[in-house]
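For reference, target_31.cif (mmCIF, N, CA and C atoms):
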data_input
loop_
_atom_site.label_atom_id
_atom_site.label_comp_id
_atom_site.auth_asym_id
_atom_site.auth_seq_id
_atom_site.Cartn_x
_atom_site.Cartn_y
_atom_site.Cartn_z
N GLY D 923 -2.48 3.79 12.37
CA GLY D 923 -3.40 3.96 11.27
C GLY D 923 -4.82 3.82 11.75
N PHE D 924 -5.74 3.78 10.82
CA PHE D 924 -7.15 3.60 11.14
C PHE D 924 -7.53 2.15 10.93
N ARG D 925 -8.00 1.52 12.00
CA ARG D 925 -8.50 0.15 11.90
C ARG D 925 -9.92 0.21 11.34
N VAL D 926 -10.20 -0.67 10.39
CA VAL D 926 -11.53 -0.76 9.81
C VAL D 926 -12.36 -1.69 10.71
N PHE D 927 -13.41 -1.13 11.33
CA PHE D 927 -14.26 -1.94 12.20
C PHE D 927 -15.51 -2.44 11.49
N LYS D 928 -15.98 -1.71 10.49
CA LYS D 928 -17.16 -2.15 9.76
C LYS D 928 -17.08 -1.66 8.32
N VAL D 929 -17.48 -2.53 7.41
CA VAL D 929 -17.58 -2.19 6.00
C VAL D 929 -19.05 -2.38 5.61
N SER D 930 -19.72 -1.30 5.24
CA SER D 930 -21.14 -1.39 4.87
C SER D 930 -21.31 -2.04 3.50
N ALA D 931 -22.40 -2.78 3.39
CA ALA D 931 -22.72 -3.44 2.12
C ALA D 931 -22.95 -2.41 1.03
N HIS D 932 -22.47 -2.71 -0.17
CA HIS D 932 -22.65 -1.89 -1.37
C HIS D 932 -21.97 -0.53 -1.27
N SER D 933 -21.00 -0.40 -0.40
CA SER D 933 -20.29 0.87 -0.19
C SER D 933 -18.99 0.91 -0.98
N PRO D 934 -18.41 2.11 -1.09
CA PRO D 934 -17.07 2.19 -1.70
C PRO D 934 -16.05 1.31 -0.97
N GLY D 935 -16.18 1.20 0.34
CA GLY D 935 -15.26 0.34 1.11
C GLY D 935 -15.39 -1.12 0.73
N GLU D 936 -16.62 -1.57 0.53
CA GLU D 936 -16.83 -2.96 0.10
C GLU D 936 -16.30 -3.16 -1.31
N ASP D 937 -16.58 -2.18 -2.19
CA ASP D 937 -16.08 -2.27 -3.57
C ASP D 937 -14.55 -2.34 -3.61
N ALA D 938 -13.89 -1.70 -2.65
CA ALA D 938 -12.43 -1.70 -2.59
C ALA D 938 -11.86 -2.96 -1.94
N GLY D 939 -12.75 -3.81 -1.38
CA GLY D 939 -12.30 -5.06 -0.79
C GLY D 939 -11.74 -4.94 0.62
N LEU D 940 -12.12 -3.86 1.34
CA LEU D 940 -11.62 -3.71 2.71
C LEU D 940 -12.27 -4.74 3.63
N GLU D 941 -11.50 -5.20 4.64
CA GLU D 941 -11.92 -6.27 5.53
C GLU D 941 -12.04 -5.76 6.96
N SER D 942 -13.24 -5.93 7.53
CA SER D 942 -13.48 -5.51 8.90
C SER D 942 -12.52 -6.18 9.87
N PHE D 943 -12.11 -5.43 10.87
CA PHE D 943 -11.26 -5.84 11.99
C PHE D 943 -9.80 -6.06 11.63
N PHE D 944 -9.52 -6.63 10.47
CA PHE D 944 -8.14 -6.99 10.15
C PHE D 944 -7.40 -5.93 9.35
N ASP D 945 -8.11 -5.07 8.64
CA ASP D 945 -7.45 -4.07 7.81
C ASP D 945 -7.18 -2.79 8.60
N MET D 946 -5.97 -2.25 8.37
CA MET D 946 -5.57 -0.98 8.94
C MET D 946 -5.10 -0.08 7.81
N ILE D 947 -5.70 1.11 7.72
CA ILE D 947 -5.31 2.08 6.70
C ILE D 947 -4.09 2.82 7.21
N THR D 948 -2.96 2.71 6.51
CA THR D 948 -1.70 3.27 7.01
C THR D 948 -1.23 4.50 6.25
N THR D 949 -1.68 4.66 5.00
CA THR D 949 -1.35 5.86 4.23
C THR D 949 -2.55 6.25 3.37
N VAL D 950 -2.62 7.54 3.04
CA VAL D 950 -3.62 8.03 2.09
C VAL D 950 -2.89 8.89 1.07
N ASN D 951 -3.06 8.56 -0.20
CA ASN D 951 -2.37 9.25 -1.29
C ASN D 951 -0.87 9.43 -1.01
N GLY D 952 -0.25 8.37 -0.49
CA GLY D 952 1.19 8.36 -0.25
C GLY D 952 1.65 9.03 1.03
N VAL D 953 0.73 9.59 1.83
CA VAL D 953 1.11 10.27 3.08
C VAL D 953 0.82 9.33 4.25
N ALA D 954 1.86 9.06 5.05
CA ALA D 954 1.72 8.17 6.20
C ALA D 954 0.78 8.77 7.24
N LEU D 955 -0.07 7.91 7.79
CA LEU D 955 -0.99 8.33 8.85
C LEU D 955 -0.33 8.00 10.19
N GLU D 956 0.38 8.97 10.74
CA GLU D 956 1.18 8.73 11.94
C GLU D 956 0.51 9.22 13.21
N THR D 957 -0.48 10.09 13.09
CA THR D 957 -1.23 10.58 14.25
C THR D 957 -2.71 10.55 13.92
N GLU D 958 -3.54 10.59 14.95
CA GLU D 958 -4.98 10.52 14.73
C GLU D 958 -5.51 11.71 13.93
N ASN D 959 -5.00 12.89 14.18
CA ASN D 959 -5.42 14.10 13.46
C ASN D 959 -4.47 14.35 12.31
N ASN D 960 -4.60 13.57 11.25
CA ASN D 960 -3.61 13.54 10.18
C ASN D 960 -4.13 14.02 8.84
N GLY D 961 -5.35 14.54 8.78
CA GLY D 961 -5.89 15.03 7.53
C GLY D 961 -6.59 13.98 6.69
N PHE D 962 -6.70 12.75 7.18
CA PHE D 962 -7.35 11.68 6.41
C PHE D 962 -8.77 12.07 6.00
N VAL D 963 -9.55 12.57 6.95
CA VAL D 963 -10.94 12.94 6.67
C VAL D 963 -10.99 14.06 5.63
N ASP D 964 -10.08 15.02 5.72
CA ASP D 964 -10.05 16.12 4.75
C ASP D 964 -9.72 15.62 3.35
N VAL D 965 -8.79 14.69 3.24
CA VAL D 965 -8.42 14.14 1.93
C VAL D 965 -9.62 13.41 1.33
N VAL D 966 -10.29 12.61 2.14
CA VAL D 966 -11.46 11.88 1.64
C VAL D 966 -12.55 12.86 1.20
N ALA D 967 -12.86 13.86 2.05
CA ALA D 967 -13.93 14.82 1.75
C ALA D 967 -13.63 15.66 0.51
N SER D 968 -12.38 15.97 0.30
CA SER D 968 -12.04 16.82 -0.84
C SER D 968 -11.86 16.04 -2.14
N ASN D 969 -12.07 14.74 -2.09
CA ASN D 969 -11.90 13.91 -3.29
C ASN D 969 -13.15 13.11 -3.64
N LYS D 970 -14.33 13.64 -3.34
CA LYS D 970 -15.57 12.95 -3.73
C LYS D 970 -15.57 12.73 -5.24
N GLY D 971 -15.82 11.50 -5.64
CA GLY D 971 -15.88 11.17 -7.05
C GLY D 971 -14.54 10.91 -7.71
N ARG D 972 -13.46 11.05 -6.95
CA ARG D 972 -12.11 10.79 -7.47
C ARG D 972 -11.45 9.70 -6.64
N VAL D 973 -10.63 8.90 -7.27
CA VAL D 973 -9.97 7.79 -6.58
C VAL D 973 -8.95 8.33 -5.57
N VAL D 974 -9.01 7.78 -4.36
CA VAL D 974 -8.03 8.04 -3.31
C VAL D 974 -7.27 6.73 -3.14
N PHE D 975 -5.95 6.83 -3.00
CA PHE D 975 -5.14 5.63 -2.86
C PHE D 975 -4.76 5.40 -1.41
N LEU D 976 -5.05 4.19 -0.94
CA LEU D 976 -4.76 3.81 0.44
C LEU D 976 -3.74 2.68 0.45
N ARG D 977 -2.88 2.71 1.44
CA ARG D 977 -2.01 1.56 1.73
C ARG D 977 -2.63 0.91 2.94
N VAL D 978 -2.91 -0.38 2.84
CA VAL D 978 -3.64 -1.10 3.87
C VAL D 978 -2.79 -2.26 4.38
N PHE D 979 -2.70 -2.37 5.70
CA PHE D 979 -2.00 -3.50 6.32
C PHE D 979 -3.06 -4.44 6.88
N ASN D 980 -2.98 -5.72 6.53
CA ASN D 980 -3.91 -6.71 7.04
C ASN D 980 -3.22 -7.49 8.16
N THR D 981 -3.79 -7.40 9.37
CA THR D 981 -3.16 -8.02 10.54
C THR D 981 -3.29 -9.55 10.53
N LYS D 982 -4.22 -10.08 9.75
CA LYS D 982 -4.39 -11.53 9.68
C LYS D 982 -3.33 -12.15 8.77
N THR D 983 -3.10 -11.53 7.63
CA THR D 983 -2.13 -12.08 6.68
C THR D 983 -0.75 -11.45 6.82
N GLU D 984 -0.69 -10.37 7.63
CA GLU D 984 0.55 -9.62 7.84
C GLU D 984 1.15 -9.15 6.52
N THR D 985 0.28 -8.65 5.63
CA THR D 985 0.73 -8.13 4.34
C THR D 985 0.14 -6.75 4.10
N TYR D 986 0.86 -5.98 3.28
CA TYR D 986 0.36 -4.68 2.83
C TYR D 986 -0.20 -4.83 1.43
N ARG D 987 -1.19 -4.00 1.12
CA ARG D 987 -1.68 -3.92 -0.25
C ARG D 987 -2.12 -2.49 -0.53
N ASP D 988 -2.09 -2.13 -1.80
CA ASP D 988 -2.54 -0.81 -2.22
C ASP D 988 -3.96 -0.92 -2.74
N VAL D 989 -4.80 0.02 -2.31
CA VAL D 989 -6.23 -0.01 -2.61
C VAL D 989 -6.65 1.34 -3.16
N GLY D 990 -7.37 1.35 -4.25
CA GLY D 990 -8.01 2.56 -4.74
C GLY D 990 -9.46 2.58 -4.30
N ILE D 991 -9.91 3.70 -3.76
CA ILE D 991 -11.28 3.82 -3.27
C ILE D 991 -11.82 5.18 -3.68
N THR D 992 -13.07 5.23 -4.11
CA THR D 992 -13.66 6.48 -4.58
C THR D 992 -14.72 6.96 -3.60
N PRO D 993 -14.44 8.01 -2.83
CA PRO D 993 -15.43 8.56 -1.90
C PRO D 993 -16.68 9.00 -2.64
N SER D 994 -17.85 8.69 -2.06
CA SER D 994 -19.11 9.01 -2.72
C SER D 994 -20.19 9.29 -1.68
N ASP D 995 -21.03 10.26 -1.96
CA ASP D 995 -22.18 10.51 -1.09
C ASP D 995 -23.47 10.02 -1.75
N THR D 996 -23.33 9.22 -2.81
CA THR D 996 -24.51 8.72 -3.52
C THR D 996 -24.63 7.20 -3.49
N TRP D 997 -23.81 6.51 -2.69
CA TRP D 997 -23.84 5.06 -2.70
C TRP D 997 -25.02 4.48 -1.92
N GLY D 998 -25.73 5.32 -1.14
CA GLY D 998 -26.95 4.86 -0.47
C GLY D 998 -26.84 4.62 1.02
N GLY D 999 -25.69 4.96 1.61
CA GLY D 999 -25.53 4.74 3.05
C GLY D 999 -24.81 5.91 3.68
N ASN D 1000 -24.35 5.70 4.91
CA ASN D 1000 -23.68 6.75 5.67
C ASN D 1000 -22.21 6.87 5.32
N GLY D 1001 -21.73 8.11 5.31
CA GLY D 1001 -20.32 8.38 5.09
C GLY D 1001 -19.95 8.30 3.62
N LEU D 1002 -18.77 8.80 3.33
CA LEU D 1002 -18.28 8.82 1.95
C LEU D 1002 -17.65 7.50 1.53
N LEU D 1003 -17.22 6.71 2.53
CA LEU D 1003 -16.56 5.44 2.21
C LEU D 1003 -17.37 4.23 2.65
N GLY D 1004 -18.37 4.44 3.53
CA GLY D 1004 -19.14 3.31 4.05
C GLY D 1004 -18.34 2.49 5.03
N LEU D 1005 -17.45 3.16 5.76
CA LEU D 1005 -16.59 2.48 6.73
C LEU D 1005 -16.81 3.04 8.13
N THR D 1006 -16.68 2.18 9.11
CA THR D 1006 -16.54 2.61 10.49
C THR D 1006 -15.08 2.35 10.84
N ILE D 1007 -14.34 3.42 11.15
CA ILE D 1007 -12.91 3.29 11.44
C ILE D 1007 -12.60 3.91 12.79
N ARG D 1008 -11.48 3.51 13.36
CA ARG D 1008 -11.01 4.06 14.64
C ARG D 1008 -9.49 4.07 14.61
N TRP D 1009 -8.92 5.13 15.13
CA TRP D 1009 -7.47 5.22 15.22
C TRP D 1009 -6.97 4.11 16.13
N ASP D 1010 -5.95 3.41 15.70
CA ASP D 1010 -5.41 2.30 16.47
C ASP D 1010 -3.94 2.13 16.10
N TYR D 1011 -3.23 1.40 16.91
CA TYR D 1011 -1.83 1.10 16.65
C TYR D 1011 -1.70 -0.37 16.36
N SER D 1012 -0.80 -0.72 15.46
CA SER D 1012 -0.57 -2.12 15.15
C SER D 1012 0.88 -2.32 14.77
N ASP D 1013 1.43 -3.39 15.26
CA ASP D 1013 2.74 -3.83 14.81
C ASP D 1013 2.50 -4.92 13.78
N SER D 1014 3.56 -5.38 13.15
CA SER D 1014 3.38 -6.44 12.16
C SER D 1014 2.80 -7.69 12.83
N GLU D 1015 3.03 -7.85 14.12
CA GLU D 1015 2.44 -8.96 14.86
C GLU D 1015 1.43 -8.35 15.81
N ASP D 1016 0.17 -8.43 15.47
CA ASP D 1016 -0.89 -7.75 16.21
C ASP D 1016 -1.18 -8.49 17.51
N GLU D 1017 -0.82 -7.87 18.64
CA GLU D 1017 -1.01 -8.50 19.93
C GLU D 1017 -2.46 -8.50 20.38
N TYR D 1018 -3.34 -7.87 19.63
CA TYR D 1018 -4.75 -7.79 20.01
C TYR D 1018 -5.64 -8.69 19.15
N THR D 1019 -5.05 -9.58 18.40
CA THR D 1019 -5.81 -10.51 17.57
C THR D 1019 -5.39 -11.93 17.90
N TRP D 1020 -6.38 -12.76 18.21
CA TRP D 1020 -6.11 -14.15 18.55
C TRP D 1020 -6.96 -15.06 17.69
N ARG D 1021 -6.34 -16.06 17.10
CA ARG D 1021 -7.08 -17.04 16.31
C ARG D 1021 -7.60 -18.11 17.25
N VAL D 1022 -8.86 -18.49 17.09
CA VAL D 1022 -9.47 -19.54 17.89
C VAL D 1022 -8.96 -20.88 17.37
N LEU D 1023 -8.28 -21.61 18.24
CA LEU D 1023 -7.69 -22.89 17.83
C LEU D 1023 -8.46 -24.10 18.34
N ASP D 1024 -9.24 -23.91 19.41
CA ASP D 1024 -9.99 -25.02 19.98
C ASP D 1024 -11.22 -24.47 20.66
N VAL D 1025 -12.32 -25.18 20.59
CA VAL D 1025 -13.56 -24.80 21.27
C VAL D 1025 -14.08 -26.03 22.00
N HIS D 1026 -14.15 -25.94 23.31
CA HIS D 1026 -14.62 -27.06 24.13
C HIS D 1026 -16.14 -27.09 24.15
N GLY D 1027 -16.71 -28.29 24.08
CA GLY D 1027 -18.15 -28.45 24.13
C GLY D 1027 -18.73 -27.87 25.41
N ASN D 1028 -19.91 -27.31 25.35
CA ASN D 1028 -20.63 -26.73 26.48
C ASN D 1028 -19.90 -25.55 27.12
N SER D 1029 -18.92 -25.00 26.45
CA SER D 1029 -18.20 -23.84 26.97
C SER D 1029 -18.90 -22.55 26.50
N PRO D 1030 -18.60 -21.41 27.13
CA PRO D 1030 -19.16 -20.15 26.62
C PRO D 1030 -18.79 -19.91 25.16
N ALA D 1031 -17.59 -20.31 24.76
CA ALA D 1031 -17.18 -20.14 23.35
C ALA D 1031 -18.05 -20.99 22.43
N SER D 1032 -18.35 -22.22 22.85
CA SER D 1032 -19.21 -23.09 22.07
C SER D 1032 -20.63 -22.53 21.99
N GLU D 1033 -21.14 -22.06 23.12
CA GLU D 1033 -22.48 -21.48 23.14
C GLU D 1033 -22.57 -20.22 22.28
N ALA D 1034 -21.45 -19.49 22.16
CA ALA D 1034 -21.43 -18.28 21.32
C ALA D 1034 -21.29 -18.62 19.84
N GLY D 1035 -21.01 -19.90 19.55
CA GLY D 1035 -20.91 -20.32 18.16
C GLY D 1035 -19.53 -20.16 17.54
N LEU D 1036 -18.48 -19.96 18.35
CA LEU D 1036 -17.13 -19.83 17.81
C LEU D 1036 -16.70 -21.15 17.16
N GLU D 1037 -15.93 -21.02 16.08
CA GLU D 1037 -15.45 -22.19 15.37
C GLU D 1037 -13.93 -22.20 15.33
N ALA D 1038 -13.35 -23.34 15.71
CA ALA D 1038 -11.89 -23.48 15.71
C ALA D 1038 -11.35 -23.33 14.30
N PHE D 1039 -10.22 -22.65 14.17
CA PHE D 1039 -9.48 -22.44 12.93
C PHE D 1039 -10.23 -21.58 11.90
N THR D 1040 -11.37 -21.01 12.30
CA THR D 1040 -12.14 -20.14 11.43
C THR D 1040 -12.29 -18.75 12.03
N ASP D 1041 -12.56 -18.69 13.34
CA ASP D 1041 -12.85 -17.43 14.01
C ASP D 1041 -11.64 -16.82 14.68
N TYR D 1042 -11.75 -15.50 14.90
CA TYR D 1042 -10.72 -14.72 15.58
C TYR D 1042 -11.37 -13.90 16.68
N VAL D 1043 -10.59 -13.61 17.70
CA VAL D 1043 -10.99 -12.65 18.73
C VAL D 1043 -10.11 -11.44 18.51
N VAL D 1044 -10.76 -10.27 18.33
CA VAL D 1044 -10.04 -9.06 17.98
C VAL D 1044 -10.30 -7.98 19.03
N GLY D 1045 -9.23 -7.37 19.52
CA GLY D 1045 -9.34 -6.27 20.46
C GLY D 1045 -8.65 -5.04 19.90
N THR D 1046 -8.57 -3.99 20.71
CA THR D 1046 -7.87 -2.78 20.31
C THR D 1046 -6.88 -2.41 21.40
N SER D 1047 -6.06 -1.41 21.12
CA SER D 1047 -5.05 -1.00 22.08
C SER D 1047 -5.63 -0.17 23.22
N GLU D 1048 -6.89 0.22 23.11
CA GLU D 1048 -7.54 1.01 24.16
C GLU D 1048 -8.74 0.27 24.69
N ALA D 1049 -9.03 0.46 25.97
CA ALA D 1049 -10.20 -0.18 26.58
C ALA D 1049 -11.47 0.51 26.19
#
Step by step, read the file and then write its structure as structure tokens.
Amino acid sequence: GFRVFKVSAHSPGEDAGLESFFDMITTVNGVALETENNGFVDVVASNKGRVVFLRVFNTKTETYRDVGITPSDTWGGNGLLGLTIRWDYSDSEDEYTWRVLDVHGNSPASEAGLEAFTDYVVGTSEA
């Protein structure tokens, strides 16, 4: 599916409650997104002003949810959804997401401001 990397403020994506890094869009209007060139962009573009239904998998909570989102070119930012997405693969147990459990003082993690039990390190399946 498409991993959500950024959700712009005041965008249709924010209104729909999409979460950066952890959300993966797996279906659009009931059609599974199994390959990168799957018509997702065409469905979004052809439905400006109308609700599009997405099935979203959250890698943090390991749950699916259904989301309605209305593509718009008048929300004040870039794109119809206000999302930065990238094709990615995910299993129910995302091997590219790690929860920070401990941060040692004076370490690079501490200097970067990471917080134990709050922050995550997120990667993708491609370099």
As a count of residues only, please: the residues near segment 948-960 of chain D (cut-off 7 Å, all atoms listed in the file, same-chain neighbours under 3 positions excluded). 11
Would you mind writing down, as a ChimeraX atom specification, each residue of chain D that DSSP on the backbone assigns to strand (DSSP E)? /D:924-929,945-950,953-954,974-980,985-991,1005-1009,1019-1021,1042-1044
Counting only C-alpha atoms, figure out which residue out of D:Asp1024, D:Ala938, D:Val966, D:Val1043 gets nearest to Leu1002 of chain D. D:Val966
Residues matched by the PyMOL selection byres ((chain D and resi 929) around 6) as a list in words: Phe927, Lys928, Ser930, Ala931, Gly935, Glu936, Ser942, Gly1004, Leu1005 and Thr1006 of chain D
What is the distance between atom CA of Asn1028 of chain D and atom CA of Lys982 of chain D, in Å to one decimal? 27.9 Å
Show me, as a PyMOL selection string, the residues that have an atom within 6.5 Å of Trp997 of chain D when counting only N, CA and C atoms, minus same-chain residues fewer than 5 positions from it. chain D and resi 932-934
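Comparing D:Gly961, D:Val1044, D:Val1022, D:Gly939 by their smallest distance to Gly990 of chain D, the closest is D:Gly939 (using only C-alpha atoms).
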